$ cat start_6.csv   # CSV, C-alpha atoms and all ligand atoms
chain,number,residue,atom,x,y,z
F,14,MET,CA,-13.2,3.0,18.0
F,15,ALA,CA,-15.9,0.6,19.2
F,16,ASP,CA,-14.6,-0.8,22.5
F,17,THR,CA,-17.9,-2.4,23.4
F,18,ALA,CA,-19.3,-5.6,24.6
F,19,ALA,CA,-19.7,-6.6,20.9
F,20,LEU,CA,-15.9,-6.9,20.8
F,21,ASN,CA,-15.5,-9.7,23.3
F,22,GLY,CA,-13.8,-12.1,21.0
F,23,ILE,CA,-10.2,-13.2,21.2
F,24,ASN,CA,-11.1,-15.6,23.9
F,25,GLY,CA,-12.6,-12.7,26.0
F,26,LEU,CA,-9.1,-11.1,26.2
F,27,ARG,CA,-9.9,-8.1,24.1
F,28,HIS,CA,-9.8,-5.7,27.1
F,29,ILE,CA,-6.1,-6.4,27.8
F,30,ARG,CA,-4.9,-5.6,24.3
F,31,ARG,CA,-2.6,-2.7,24.3
F,32,SER,CA,-2.0,-0.5,21.2
F,33,PRO,CA,1.5,0.5,20.2
F,34,ALA,CA,1.1,4.1,21.2
F,35,SER,CA,-1.3,3.6,24.1
F,36,HIS,CA,1.4,4.8,26.5
F,37,LEU,CA,1.3,8.1,24.7
F,38,ALA,CA,-2.4,8.7,25.0
F,39,ALA,CA,-2.1,11.3,27.7
F,40,ALA,CA,0.7,13.1,25.8
F,41,LEU,CA,-1.2,13.1,22.6
F,42,GLU,CA,-4.2,14.6,24.3
F,43,ALA,CA,-2.0,17.2,26.1
F,44,GLY,CA,-0.2,18.1,22.9
F,45,SER,CA,-3.3,18.5,20.7
F,46,ILE,CA,-4.5,22.0,20.1
F,47,GLU,CA,-8.2,21.9,19.5
F,48,GLY,CA,-9.1,23.7,16.3
F,49,THR,CA,-5.5,23.8,15.2
F,50,VAL,CA,-4.0,20.4,15.1
F,51,VAL,CA,-5.2,17.3,16.9
F,52,LEU,CA,-3.4,14.0,17.1
F,53,ARG,CA,-4.8,10.7,18.4
F,54,GLU,CA,-4.2,7.1,17.9
F,55,GLY,CA,-6.9,5.1,16.2
F,56,PRO,CA,-5.8,1.6,17.1
F,57,PHE,CA,-6.7,-1.9,16.3
F,58,ARG,CA,-8.0,-1.5,12.7
F,59,THR,CA,-8.3,-4.7,10.8
F,60,MET,CA,-5.6,-4.7,8.2
F,61,VAL,CA,-4.9,-7.3,5.6
F,62,GLY,CA,-1.9,-7.6,3.3
F,63,LEU,CA,-3.1,-8.6,-0.1
F,64,ARG,CA,-1.0,-9.6,-3.0
F,65,VAL,CA,-2.9,-10.4,-6.2
F,66,ASP,CA,-2.7,-9.5,-9.8
F,67,PRO,CA,-5.6,-7.1,-10.1
F,68,ARG,CA,-6.2,-8.0,-13.8
F,69,SER,CA,-6.4,-11.7,-13.1
F,70,GLU,CA,-9.4,-13.9,-12.5
F,71,GLU,CA,-8.5,-14.2,-8.8
F,72,GLY,CA,-8.2,-10.4,-8.8
F,73,ALA,CA,-11.8,-10.2,-9.9
F,74,ARG,CA,-12.9,-12.6,-7.1
F,75,VAL,CA,-11.0,-10.5,-4.5
F,76,VAL,CA,-12.6,-7.3,-5.9
F,77,ALA,CA,-16.0,-8.9,-5.2
F,78,VAL,CA,-15.1,-9.1,-1.5
F,79,ALA,CA,-13.0,-6.0,-1.0
F,80,GLY,CA,-14.5,-3.6,-3.5
F,81,GLY,CA,-12.3,-2.2,-6.3
F,82,LEU,CA,-8.6,-2.6,-6.2
F,83,PRO,CA,-6.6,0.6,-6.9
F,84,LEU,CA,-4.6,0.4,-10.0
F,85,ARG,CA,-2.3,3.4,-9.6
F,86,CYS,CA,-0.1,4.9,-6.9
F,87,GLY,CA,-2.1,7.1,-4.6
F,88,ASP,CA,-5.5,5.6,-5.4
F,89,VAL,CA,-7.7,4.1,-2.8
F,90,GLY,CA,-10.2,1.4,-3.6
F,91,GLY,CA,-12.7,-0.6,-1.6
F,92,ALA,CA,-16.3,-0.2,-0.6
F,93,ASP,CA,-18.6,-0.4,2.4
F,94,GLY,CA,-16.2,0.7,5.1
F,95,VAL,CA,-13.3,-1.4,3.6
F,96,ARG,CA,-10.5,0.7,2.1
F,97,VAL,CA,-7.9,-0.8,-0.2
F,98,LEU,CA,-4.7,1.2,-0.3
F,99,TRP,CA,-2.3,0.9,-3.2
F,100,LEU,CA,1.2,-0.3,-2.1
F,101,GLY,CA,2.4,-1.7,-5.4
F,102,PRO,CA,1.2,-2.9,-8.7
F,103,SER,CA,0.1,-6.2,-7.2
F,104,GLU,CA,0.3,-5.4,-3.5
F,105,PHE,CA,-2.5,-3.7,-1.4
F,106,LEU,CA,-3.3,-2.9,2.2
F,107,VAL,CA,-6.9,-3.6,3.1
F,108,VAL,CA,-8.0,-1.4,6.1
F,109,ALA,CA,-11.3,-1.9,7.8
F,110,SER,CA,-12.8,-1.4,11.3
F,111,GLU,CA,-11.8,-3.6,14.2
F,112,ASP,CA,-15.1,-5.5,14.4
F,113,VAL,CA,-14.8,-7.1,11.0
F,114,HIS,CA,-11.8,-9.0,12.2
F,115,ASP,CA,-12.4,-12.7,12.2
F,116,SER,CA,-11.5,-13.1,15.8
F,117,LEU,CA,-14.3,-10.7,16.7
F,118,GLY,CA,-16.9,-12.4,14.7
F,119,GLY,CA,-16.2,-10.8,11.3
F,120,THR,CA,-15.5,-12.6,8.1
F,121,LEU,CA,-13.2,-10.2,6.1
F,122,ILE,CA,-10.0,-12.2,6.2
F,123,ASP,CA,-11.7,-15.5,5.7
F,124,SER,CA,-13.6,-14.2,2.7
F,125,LEU,CA,-10.5,-12.7,1.1
F,126,THR,CA,-8.7,-16.0,1.6
F,127,ALA,CA,-11.5,-17.9,0.1
F,128,ALA,CA,-11.7,-15.5,-2.8
F,129,LEU,CA,-8.0,-15.9,-3.6
F,130,GLY,CA,-8.3,-19.7,-3.3
F,131,GLY,CA,-5.2,-21.5,-4.6
F,132,ALA,CA,-4.3,-18.8,-7.1
F,133,PRO,CA,-1.0,-17.0,-6.9
F,134,GLY,CA,-1.0,-14.3,-4.3
F,135,GLN,CA,-1.4,-14.0,-0.6
F,136,VAL,CA,-3.8,-12.8,2.1
F,137,VAL,CA,-2.1,-12.1,5.4
F,138,ASP,CA,-3.6,-10.7,8.6
F,139,LEU,CA,-1.5,-7.6,9.3
F,140,SER,CA,-3.8,-6.1,11.9
F,141,ALA,CA,-1.0,-6.0,14.5
F,142,ASN,CA,1.6,-4.8,12.0
F,143,ARG,CA,0.7,-1.1,11.9
F,144,THR,CA,-1.1,1.3,14.2
F,145,THR,CA,-2.9,4.4,13.1
F,146,PHE,CA,-2.3,8.0,14.0
F,147,GLU,CA,-5.1,10.4,13.1
F,148,LEU,CA,-3.9,13.9,12.5
F,149,SER,CA,-6.3,16.7,11.8
F,150,GLY,CA,-6.8,20.4,11.9
F,151,THR,CA,-5.8,23.5,10.0
F,152,ARG,CA,-2.1,22.9,10.8
F,153,ALA,CA,-2.1,19.1,10.1
F,154,ARG,CA,-0.5,19.5,6.7
F,155,ALA,CA,2.1,22.0,8.1
F,156,VAL,CA,3.1,19.4,10.8
F,157,LEU,CA,3.6,16.7,8.2
F,158,GLU,CA,5.5,18.9,5.9
F,159,LYS,CA,8.2,19.2,8.5
F,160,GLY,CA,9.2,15.6,7.8
F,161,CYS,CA,7.7,14.5,4.5
F,162,SER,CA,9.2,15.5,1.1
F,163,LEU,CA,6.0,14.9,-0.9
F,164,ASP,CA,3.9,17.7,-2.1
F,165,LEU,CA,1.0,17.5,0.4
F,166,HIS,CA,-0.9,20.5,-1.1
F,167,PRO,CA,-4.5,19.4,-1.8
F,168,ARG,CA,-4.0,20.0,-5.6
F,169,SER,CA,-1.7,17.0,-5.7
F,170,PHE,CA,-2.7,15.1,-2.5
F,171,PRO,CA,-6.5,15.4,-2.4
F,172,PRO,CA,-8.7,13.6,0.1
F,173,GLY,CA,-9.2,10.0,-0.8
F,174,THR,CA,-5.7,9.3,-1.8
F,175,ALA,CA,-2.9,7.4,0.1
F,176,LEU,CA,0.9,7.1,-0.5
F,177,SER,CA,3.7,5.0,0.9
F,178,THR,CA,6.4,7.4,1.9
F,179,GLU,CA,8.4,8.6,4.9
F,180,VAL,CA,7.3,10.9,7.6
F,181,GLY,CA,10.0,12.0,10.1
F,182,ASN,CA,12.2,9.4,8.4
F,183,ILE,CA,9.8,6.6,9.3
F,184,PRO,CA,8.3,4.6,6.5
F,185,VAL,CA,4.5,5.0,6.6
F,186,VAL,CA,1.4,4.8,4.6
F,187,LEU,CA,-0.1,8.3,4.6
F,188,GLU,CA,-3.7,8.6,3.8
F,189,LYS,CA,-5.6,11.8,3.3
F,190,THR,CA,-9.1,11.2,4.7
F,191,GLY,CA,-10.6,14.7,4.6
F,192,LYS,CA,-9.8,18.3,3.7
F,193,GLU,CA,-7.6,18.7,6.8
F,194,SER,CA,-7.3,15.2,8.1
F,195,PHE,CA,-4.8,12.5,7.6
F,196,ARG,CA,-4.2,8.9,8.7
F,197,ILE,CA,-0.7,7.8,9.2
F,198,PHE,CA,0.1,4.1,9.3
F,199,PRO,CA,3.5,3.4,10.9
F,200,ARG,CA,4.7,0.0,11.8
F,201,ALA,CA,4.1,-0.8,15.5
F,202,SER,CA,7.7,-0.5,16.5
F,203,PHE,CA,7.9,3.0,15.1
F,204,ALA,CA,4.7,4.2,16.8
F,205,ASP,CA,6.5,5.6,19.9
F,206,PHE,CA,9.1,7.5,17.9
F,207,LEU,CA,6.7,8.8,15.3
F,208,GLY,CA,4.1,9.8,18.0
F,209,ARG,CA,6.8,11.8,19.8
F,210,TRP,CA,8.1,13.2,16.6
F,211,LEU,CA,4.6,14.4,15.6
F,212,LEU,CA,4.0,15.9,19.1
F,213,ASP,CA,7.3,17.8,18.8
F,214,ALA,CA,6.3,19.1,15.3
F,215,MET,CA,2.9,20.2,16.7
F,216,ARG,CA,4.3,22.1,19.7
F,217,GLU,CA,4.9,25.4,18.0
F,218,TYR,CA,1.2,25.7,17.1
F,219,ALA,CA,0.3,25.9,20.7
F,220,SER,CA,1.9,29.3,20.9
F,221,PRO,CA,0.6,32.5,19.3
F,222,GLU,CA,1.9,33.0,15.8
F,223,VAL,CA,4.9,35.3,15.7
F,224,PRO,CA,4.2,37.9,13.0
K,11,MET,CA,20.0,14.2,-3.0
K,12,LEU,CA,18.9,12.5,-6.1
K,13,LEU,CA,15.3,12.8,-7.1
K,14,ILE,CA,14.5,9.5,-8.7
K,15,SER,CA,11.4,8.9,-10.9
K,16,CYS,CA,10.0,5.6,-9.9
K,17,PRO,CA,8.0,4.1,-12.9
K,18,ASN,CA,5.1,3.4,-10.5
K,19,CYS,CA,5.2,6.2,-8.0
K,20,GLY,CA,6.7,9.3,-9.7
K,21,SER,CA,9.6,11.3,-8.4
K,22,ARG,CA,10.7,10.5,-4.8
K,23,ASP,CA,13.7,11.2,-2.7
K,24,GLU,CA,16.7,9.0,-3.1
K,25,THR,CA,16.3,7.9,0.6
K,26,GLU,CA,13.2,5.9,-0.4
K,27,PHE,CA,15.3,3.7,-2.7
K,28,HIS,CA,18.0,1.1,-2.4
K,29,TYR,CA,20.7,0.7,-5.0
K,30,GLY,CA,21.0,-2.7,-6.6
K,31,GLY,CA,24.2,-2.4,-8.5
K,32,GLN,CA,25.0,-2.8,-12.2
K,33,ALA,CA,22.1,-3.9,-14.4
K,34,HIS,CA,22.1,-6.5,-17.1
K,35,VAL,CA,24.5,-8.9,-15.4
K,36,PRO,CA,23.0,-12.3,-16.5
K,37,TYR,CA,23.1,-15.3,-14.4
K,38,PRO,CA,25.3,-17.9,-16.1
K,39,GLU,CA,23.4,-20.3,-18.3
K,40,ASP,CA,25.3,-23.2,-16.8
K,41,PRO,CA,26.8,-22.1,-13.5
K,42,ALA,CA,28.4,-25.5,-12.9
K,43,ALA,CA,30.5,-25.1,-16.0
K,44,LEU,CA,32.2,-22.0,-14.7
K,45,ASP,CA,35.7,-22.2,-13.2
K,46,ASP,CA,36.5,-20.3,-10.1
K,47,ARG,CA,37.7,-17.3,-11.8
K,48,GLN,CA,34.6,-17.0,-14.1
K,49,TRP,CA,32.4,-17.5,-11.1
K,50,ALA,CA,34.2,-14.8,-9.1
K,51,GLU,CA,33.9,-12.5,-12.0
K,52,PHE,CA,30.2,-13.1,-12.3
K,53,LEU,CA,29.7,-12.5,-8.5
K,54,PHE,CA,32.0,-9.6,-7.8
K,55,TYR,CA,33.4,-8.0,-10.9
K,56,ARG,CA,31.4,-4.9,-12.1
K,57,ASP,CA,32.1,-2.2,-14.5
K,58,ASN,CA,33.4,1.1,-13.2
K,59,THR,CA,32.0,3.3,-15.8
K,60,LYS,CA,32.7,7.0,-16.1
K,61,GLY,CA,29.5,8.3,-17.8
K,62,ALA,CA,26.3,6.6,-18.6
K,63,PHE,CA,25.8,3.5,-16.4
K,64,ALA,CA,22.9,1.1,-16.3
K,65,GLU,CA,22.0,0.2,-12.8
K,66,ARG,CA,19.2,-1.4,-10.8
K,67,TRP,CA,17.2,0.4,-8.1
K,68,LEU,CA,14.5,-0.7,-5.7
K,69,HIS,CA,11.8,1.6,-4.5
K,70,SER,CA,12.0,0.1,-1.0
K,71,THR,CA,9.7,2.4,1.0
K,72,GLY,CA,7.3,2.9,-1.9
K,73,CYS,CA,6.0,0.3,-4.3
K,74,ARG,CA,8.8,-2.2,-3.5
K,75,GLN,CA,9.4,-2.8,-7.2
K,76,TRP,CA,12.8,-3.0,-9.0
K,77,PHE,CA,13.5,-1.0,-12.1
K,78,ASN,CA,16.5,0.1,-14.1
K,79,LEU,CA,18.1,3.5,-14.4
K,80,LEU,CA,20.6,4.9,-16.9
K,81,ARG,CA,22.5,7.4,-14.8
K,82,ASP,CA,25.6,9.4,-15.6
K,83,THR,CA,28.2,8.7,-13.0
K,84,VAL,CA,29.9,12.0,-13.5
K,85,THR,CA,26.9,14.4,-13.5
K,86,TYR,CA,24.4,12.1,-11.8
K,87,GLU,CA,21.9,13.0,-14.5
K,88,ILE,CA,19.3,10.3,-14.8
K,89,GLN,CA,19.0,9.7,-18.5
K,90,ALA,CA,16.4,6.9,-18.6
K,91,VAL,CA,14.1,4.9,-16.4
K,92,TYR,CA,13.1,1.5,-17.8
K,93,PRO,CA,11.6,-1.7,-16.5
K,94,MET,CA,13.5,-4.8,-15.4
K,95,GLY,CA,14.0,-7.1,-18.3
K,96,ALA,CA,14.0,-4.4,-20.9
K,97,ALA,CA,17.0,-3.8,-23.0
K,98,ARG,CA,19.2,-0.8,-22.1
K,99,PRO,CA,17.8,2.1,-24.0
K,100,ASP,CA,19.8,4.1,-26.5
K,101,ARG,CA,21.5,6.9,-24.7
K,102,ALA,CA,20.4,9.5,-27.2
K,103,ALA,CA,16.8,8.5,-26.8
K,104,ALA,CA,16.8,9.0,-23.1
K,105,ALA,CA,13.4,9.1,-21.3
K,106,PRO,CA,12.6,12.4,-19.7
K,107,GLU,CA,12.4,12.8,-16.0
K,108,SER,CA,8.7,13.7,-16.2
K,109,GLY,CA,6.1,14.9,-18.5
K,110,THR,CA,5.5,11.7,-20.5
K,111,ALA,CA,1.9,10.9,-21.2
K,112,SER,CA,0.5,8.6,-18.5
K,113,THR,CA,-0.6,5.2,-19.5
K,114,ALA,CA,-2.0,4.6,-16.1
K,115,PRO,CA,-5.7,3.6,-16.1
K,116,ASP,CA,-8.5,4.8,-14.0
K,117,SER,CA,-8.2,4.5,-10.3
K,118,THR,CA,-10.1,1.3,-9.7
K,119,THR,CA,-11.2,-1.6,-11.6
K,120,THR,CA,-13.7,-4.3,-11.4
K,121,GLY,CA,-10.9,-6.7,-12.0
K,122,THR,CA,-11.9,-7.7,-15.5
K,123,ALA,CA,-11.7,-4.6,-17.6
K,124,ALA,CA,-8.3,-3.2,-16.5
K,125,PRO,CA,-6.2,-1.9,-19.3
K,126,ASP,CA,-3.2,-3.9,-20.2
K,127,ILE,CA,-0.4,-2.4,-18.2
K,128,SER,CA,2.6,-4.3,-17.1
K,129,GLY,CA,3.1,-4.1,-13.4
K,130,THR,CA,6.5,-2.5,-13.4
K,131,SER,CA,6.6,-0.8,-16.7
K,132,THR,CA,4.0,1.9,-16.6
K,133,ALA,CA,5.1,5.3,-17.4
K,134,PRO,CA,5.5,7.7,-14.6
K,135,ALA,CA,2.0,8.8,-13.7
K,136,THR,CA,2.6,12.4,-14.1
K,137,SER,CA,0.0,13.9,-16.3
K,138,ALA,CA,-3.4,12.7,-15.1
K,139,GLY,CA,-3.8,15.6,-12.8
K,140,THR,CA,-5.5,14.1,-9.8
K,141,THR,CA,-3.2,11.7,-8.0
K,142,ALA,CA,-0.2,12.1,-5.9
K,143,PRO,CA,2.7,11.1,-8.0
K,144,GLU,CA,2.2,14.3,-10.0
K,145,GLY,CA,2.5,16.4,-7.0
K,146,ALA,CA,5.2,14.3,-5.6
K,147,SER,CA,7.3,15.2,-8.5
K,148,LYS,CA,7.3,18.9,-7.7
J,301,ZN,ZN,7.7,3.2,-6.5
$ encode --input "start_6.csv" --output "structure tokens"
Amino acid sequence: MADTAALNGINGLRHIRRSPASHLAAALEAGSIEGTVVLREGPFRTMVGLRVDPRSEEGARVVAVAGGLPLRCGDVGGADGVRVLWLGPSEFLVVASEDVHDSLGGTLIDSLTAALGGAPGQVVDLSANRTTFELSGTRARAVLEKGCSLDLHPRSFPPGTALSTEVGNIPVVLEKTGKESFRIFPRASFADFLGRWLLDAMREYASPEVP
Amino acid sequence: MLLISCPNCGSRDETEFHYGGQAHVPYPEDPAALDDRQWAEFLFYRDNTKGAFAERWLHSTGCRQWFNLLRDTVTYEIQAVYPMGAARPDRAAAAPESGTASTAPDSTTTGTAAPDISGTSTAPATSAGTTAPEGASK
């Protein structure tokens, strides 16, 4: 995450922003097992709630800004560092890096709003709605499988897909970003619980495997 | 726990859904013309069927879309999944839980060439072989 001088928008108050799981940072680091399963928070992504009929004219205008809209559960659209996650047939979550947020000099939200225009739909800045946990390592899937009833095997949940579901009974969007890496998007108020839940689920992998 | 096949997302745990009561209860054409008894019956009176029962469900932690189920209240067998607004299907011609051919289109669109699928009425995306709903149904 780019916490640099470039990010000095928000009236110069960027540095006092606190992410929903920032108080767990030390615990996440202590609980991570390098090479096995690593958990960290990747906070402050720009997120936009987008409601638009993807087959409509305004849908086409939005596509020109955000990249492709996913048409089916699990698919991820977008282009150029902007990812568009499928939430419903006409509901999407746009995820991009922090610095494209309009308060930091970016134009993503403004451009989406302009693309939708007065047509039916909505573009809402949800950047503070969810935080991001990044879970990776050879045991990442095993950790998630303790609290997620979906089949997370790569044959049915390959990299580049994302699903709305529950992890540890918390509603999240779960994105598979690589062979052994996931992004988990819980709402901010669940970040503390889910962070601790994941740490608990990771704990056993710190010990040698019992044959 | 029930395994409910969402028309958009495929099979998911019952805990992801909310129950919406009996389906096909029409809003009165002229509510003002109803007397108190008729209004109360519209609001509160529902069938208590033993056997196949048409009911509404909301996939609240998934696609957040409503759909209808035909469920046997004795065996809990889900006999059909069909979109809101559609007529109750014939019980004998019940839709299977999975394995229907997918009408889902390719993953992304330019916004102009998307196939004509109705938002809440796509078949369960169970056969394309790449995306999650298939796996989610196992
Ligand atoms: Zn669904």
$ atom_distance --input "start_6.csv" --atom1 "CA of Tyr218 in chain F" --atom2 "CA of Arg154 in chain F"
12.2 Å
$ closest_residue --input "start_6.csv" --among "F:Glu193, F:Glu217, F:Asp88, F:Asp66" --to "chain K" --atoms "all atoms listed in the file"
F:Asp88
$ interface_residues --input "start_6.csv" --of "chain F" --to "chain K" --cutoff "7 Å" --atoms "all atoms listed in the file" --output "list in words"
Pro67, Arg68, Ser69, Gly72, Ala73, Val76, Gly81, Leu82, Pro83, Leu84, Arg85, Cys86, Gly87, Asp88, Gly90, Leu100, Gly101, Pro102, Leu163, Asp164, Ser169, Phe170, Ser177, Thr178 and Pro184 of chain F
$ residues_around --input "start_6.csv" --residues "Arg98 in chain K" --least-positions-apart "2" --cutoff "10 Å" --atoms "all atoms listed in the file" --output "PyMOL selection string"
chain K and resi 33-34+63-65+78-80+90-96+100-101
$ write_last_selection --input "start_6.csv" --atoms "C-alpha atoms" --output "PDB file, in the frame of the given file"
ATOM      1  CA  ALA K  33      22.100  -3.900 -14.400  1.00  0.00           C
ATOM      2  CA  HIS K  34      22.100  -6.500 -17.100  1.00  0.00           C
ATOM      3  CA  PHE K  63      25.800   3.500 -16.400  1.00  0.00           C
ATOM      4  CA  ALA K  64      22.900   1.100 -16.300  1.00  0.00           C
ATOM      5  CA  GLU K  65      22.000   0.200 -12.800  1.00  0.00           C
ATOM      6  CA  ASN K  78      16.500   0.100 -14.100  1.00  0.00           C
ATOM      7  CA  LEU K  79      18.100   3.500 -14.400  1.00  0.00           C
ATOM      8  CA  LEU K  80      20.600   4.900 -16.900  1.00  0.00           C
ATOM      9  CA  ALA K  90      16.400   6.900 -18.600  1.00  0.00           C
ATOM     10  CA  VAL K  91      14.100   4.900 -16.400  1.00  0.00           C
ATOM     11  CA  TYR K  92      13.100   1.500 -17.800  1.00  0.00           C
ATOM     12  CA  PRO K  93      11.600  -1.700 -16.500  1.00  0.00           C
ATOM     13  CA  MET K  94      13.500  -4.800 -15.400  1.00  0.00           C
ATOM     14  CA  GLY K  95      14.000  -7.100 -18.300  1.00  0.00           C
ATOM     15  CA  ALA K  96      14.000  -4.400 -20.900  1.00  0.00           C
ATOM     16  CA  ASP K 100      19.800   4.100 -26.500  1.00  0.00           C
ATOM     17  CA  ARG K 101      21.500   6.900 -24.700  1.00  0.00           C
TER      18      ARG K 101
END
$ closest_residue --input "start_6.csv" --among "F:Glu104, F:Val95, F:Ser202, F:Gly130" --to "ligand ZN 301 (chain J)" --atoms "all atoms listed in the file"
F:Glu104
$ residues_around --input "start_6.csv" --residues "Pro56 in chain F" --least-positions-apart "6" --cutoff "10 Å" --atoms "all atoms listed in the file" --output "list in words"
Met14, Arg31, Ser32, Pro33, Ala34, Ser35, Ser110, Glu111, Ser140, Ala141, Arg143, Thr144, Thr145, Phe146 and Glu147 of chain F
